[in-house]
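Data first, discussion second: the structure below is written as structure tokens.
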Amino acid sequence: MGYEIFGESNLSRYKVNTSKPSFSFAVSSGIDWFDVTTDIRFDEAAASFEELLNVIKHKKEYIQLNDGSLGILPQQWLNKFERALAFADSKMIN
């Protein structure tokens with residue numbers, strides 16, 4: 001957006017991971033079952049798919065990562081997942 005933040009590395013309460021996030025999923029199956037696993041990463045830090053669902057449900061732009069920092073979600077991700085979740089079972093995202 002054209003803003004430069006100075007002193008970000010000195011923040012003690014809110015560490016922000018500015019790495020570009022990646023999202024991948026894998027599907028495995030057997031007889032009469034299948035399993036989907038997801039991987040959401042900001043370099044070495046990760047977030048759970050459940051946390052991603054929670055963030056999208058509450059229309060937030062930041063996701064809590066397993067190292068305690070916050071990851072910034074791209075607006076494009078938020079738009080795509082929000083549209084996809086509109087068709088999801090409400091029990092899945094509660």
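We label chains A, B, ... in the order they appear in the structure tokens, count residues from 1 in each chain, and number ligands from 1 in the order shown.
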**Asked** How would you write, as JSON, numbers by chain, the set of residues in segment 3-93 of chain A that DSSP gives as strand (DSSP E or B)?
**Response** {"A": [16, 17, 22, 23, 24, 25, 26, 27, 28, 29, 30, 33, 34, 35, 36, 37, 38, 39, 40, 41, 42, 45, 46, 47, 62, 63, 64, 70, 71, 72]}
Extract, using only C-alpha atoms, all DNA, RNA and protein residues at most 12 Å from His58 of chain A, discarding same-chain residues fewer than 4 positions from it, and format them as a PDB file with N, CA and C atoms, in the first residue's frame.
ATOM      1  N   GLU A  51      -7.843 -22.580  12.062  1.00  0.00           N
ATOM      2  CA  GLU A  51      -7.595 -21.158  12.338  1.00  0.00           C
ATOM      3  C   GLU A  51      -7.909 -20.317  11.103  1.00  0.00           C
ATOM      4  N   LEU A  52      -7.570 -20.816   9.929  1.00  0.00           N
ATOM      5  CA  LEU A  52      -7.895 -20.105   8.700  1.00  0.00           C
ATOM      6  C   LEU A  52      -9.407 -19.950   8.550  1.00  0.00           C
ATOM      7  N   LEU A  53     -10.152 -21.015   8.821  1.00  0.00           N
ATOM      8  CA  LEU A  53     -11.617 -20.938   8.752  1.00  0.00           C
ATOM      9  C   LEU A  53     -12.156 -19.907   9.734  1.00  0.00           C
ATOM     10  N   ASN A  54     -11.601 -19.883  10.935  1.00  0.00           N
ATOM     11  CA  ASN A  54     -12.037 -18.944  11.965  1.00  0.00           C
ATOM     12  C   ASN A  54     -11.755 -17.499  11.538  1.00  0.00           C
ATOM     13  N   TYR A  62      -5.495 -11.133   9.613  1.00  0.00           N
ATOM     14  CA  TYR A  62      -4.300 -11.710  10.218  1.00  0.00           C
ATOM     15  C   TYR A  62      -4.637 -13.080  10.795  1.00  0.00           C
ATOM     16  N   ILE A  63      -3.669 -13.989  10.725  1.00  0.00           N
ATOM     17  CA  ILE A  63      -3.855 -15.333  11.253  1.00  0.00           C
ATOM     18  C   ILE A  63      -2.756 -15.619  12.271  1.00  0.00           C
ATOM     19  N   LEU A  78      -8.589 -14.335   0.987  1.00  0.00           N
ATOM     20  CA  LEU A  78      -9.800 -14.093   1.769  1.00  0.00           C
ATOM     21  C   LEU A  78     -11.034 -14.129   0.876  1.00  0.00           C
ATOM     22  N   GLU A  82     -13.745 -17.147   1.232  1.00  0.00           N
ATOM     23  CA  GLU A  82     -15.056 -16.693   1.698  1.00  0.00           C
ATOM     24  C   GLU A  82     -16.147 -17.181   0.748  1.00  0.00           C
ATOM     25  N   ILE A  93     -17.686 -24.978   9.928  1.00  0.00           N
ATOM     26  CA  ILE A  93     -17.003 -23.731  10.221  1.00  0.00           C
ATOM     27  C   ILE A  93     -17.408 -23.123  11.551  1.00  0.00           C
ATOM     28  N   ASN A  94     -18.102 -23.824  12.383  1.00  0.00           N
ATOM     29  CA  ASN A  94     -18.462 -23.304  13.703  1.00  0.00           C
ATOM     30  C   ASN A  94     -17.410 -23.633  14.721  1.00  0.00           C
TER      31      ASN A  94
END
Which residues, written as a PDB file with C-alpha atoms, in the first residue's frame, have at least one atom at most 12 Å from Ala26 of chain A, with only C-alpha atoms counted and residues fewer than 4 positions away on the same chain left out?
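This is the output file selection-v4.pdb:
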ATOM      1  CA  PHE A  34     -10.668 -40.197   1.810  1.00  0.00           C
ATOM      2  CA  ASP A  35      -8.661 -37.718   3.855  1.00  0.00           C
ATOM      3  CA  VAL A  36      -7.626 -34.157   3.073  1.00  0.00           C
ATOM      4  CA  THR A  37      -4.645 -32.514   4.771  1.00  0.00           C
ATOM      5  CA  THR A  38      -3.716 -28.863   4.471  1.00  0.00           C
ATOM      6  CA  ASP A  39      -0.500 -26.939   4.936  1.00  0.00           C
ATOM      7  CA  ILE A  40      -0.541 -23.167   5.479  1.00  0.00           C
TER       8      ILE A  40
END
**Request:** Can you pull out every residue within 9 Å of Ser69 of chain A, counting only C-alpha atoms, but drop anything in the same chain fewer than 3 positions away, and send it as a PyMOL selection string?
**Result:** chain A and resi 14-17+45+63-66
**Request:** Pick out each residue of segment 29-90 of chain A that DSSP on the backbone tags as alpha helix (DSSP H); I need them as a count of residues only.
**Result:** 20
**Prompt:** Smallest atom-to-atom distance to Arg13 of chain A: which of A:Ser48, A:Ile56, A:Val27, A:Gly68, using only C-alpha atoms?
**Reply:**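 Looking at the shortest contact to Arg13 of chain A, the residue is A:Gly68.
Our summary of the geometry notes that atom CA of Asp67 of chain A is positioned 21.1 Å from atom CA of Phe25 of chain A.
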**Prompt:** What does the distance between atom CA of Ser19 of chain A and atom CA of Phe42 of chain A come to in Å, to one decimal place?
**Reply:** 5.4 Å
Might you pull out every residue within 12 Å of Phe81 of chain A, with only C-alpha atoms counted and same-chain residues fewer than 2 positions away left off, and present them as a short mmCIF file (atom, residue, chain, number, x, y, z; two decimals) with C-alpha atoms, in the first residue's frame?
data_model
loop_
_atom_site.label_atom_id
_atom_site.label_comp_id
_atom_site.auth_asym_id
_atom_site.auth_seq_id
_atom_site.Cartn_x
_atom_site.Cartn_y
_atom_site.Cartn_z
CA PHE A 23 -1.22 -23.01 0.88
CA PHE A 49 -6.81 -24.92 8.61
CA LEU A 52 -7.89 -20.11 8.70
CA LEU A 53 -11.62 -20.94 8.75
CA ASN A 54 -12.04 -18.94 11.96
CA VAL A 55 -10.22 -15.92 10.52
CA ILE A 56 -12.33 -15.95 7.37
CA LYS A 57 -15.56 -16.42 9.34
CA LYS A 59 -13.47 -11.34 8.44
CA LEU A 73 -3.42 -13.08 4.62
CA PRO A 74 -3.62 -11.87 1.02
CA GLN A 75 -6.96 -10.28 0.15
CA GLN A 76 -7.19 -12.65 -2.82
CA TRP A 77 -7.14 -15.64 -0.44
CA LEU A 78 -9.80 -14.09 1.77
CA ASN A 79 -12.10 -13.48 -1.21
CA ARG A 83 -16.88 -17.58 -1.54
CA ALA A 84 -16.02 -21.27 -1.15
CA LEU A 85 -17.14 -21.36 2.48
CA ALA A 86 -20.50 -19.86 1.55
CA PHE A 87 -21.35 -23.34 0.23
CA ALA A 88 -19.86 -25.25 3.18
CA ILE A 93 -17.00 -23.73 10.22
#
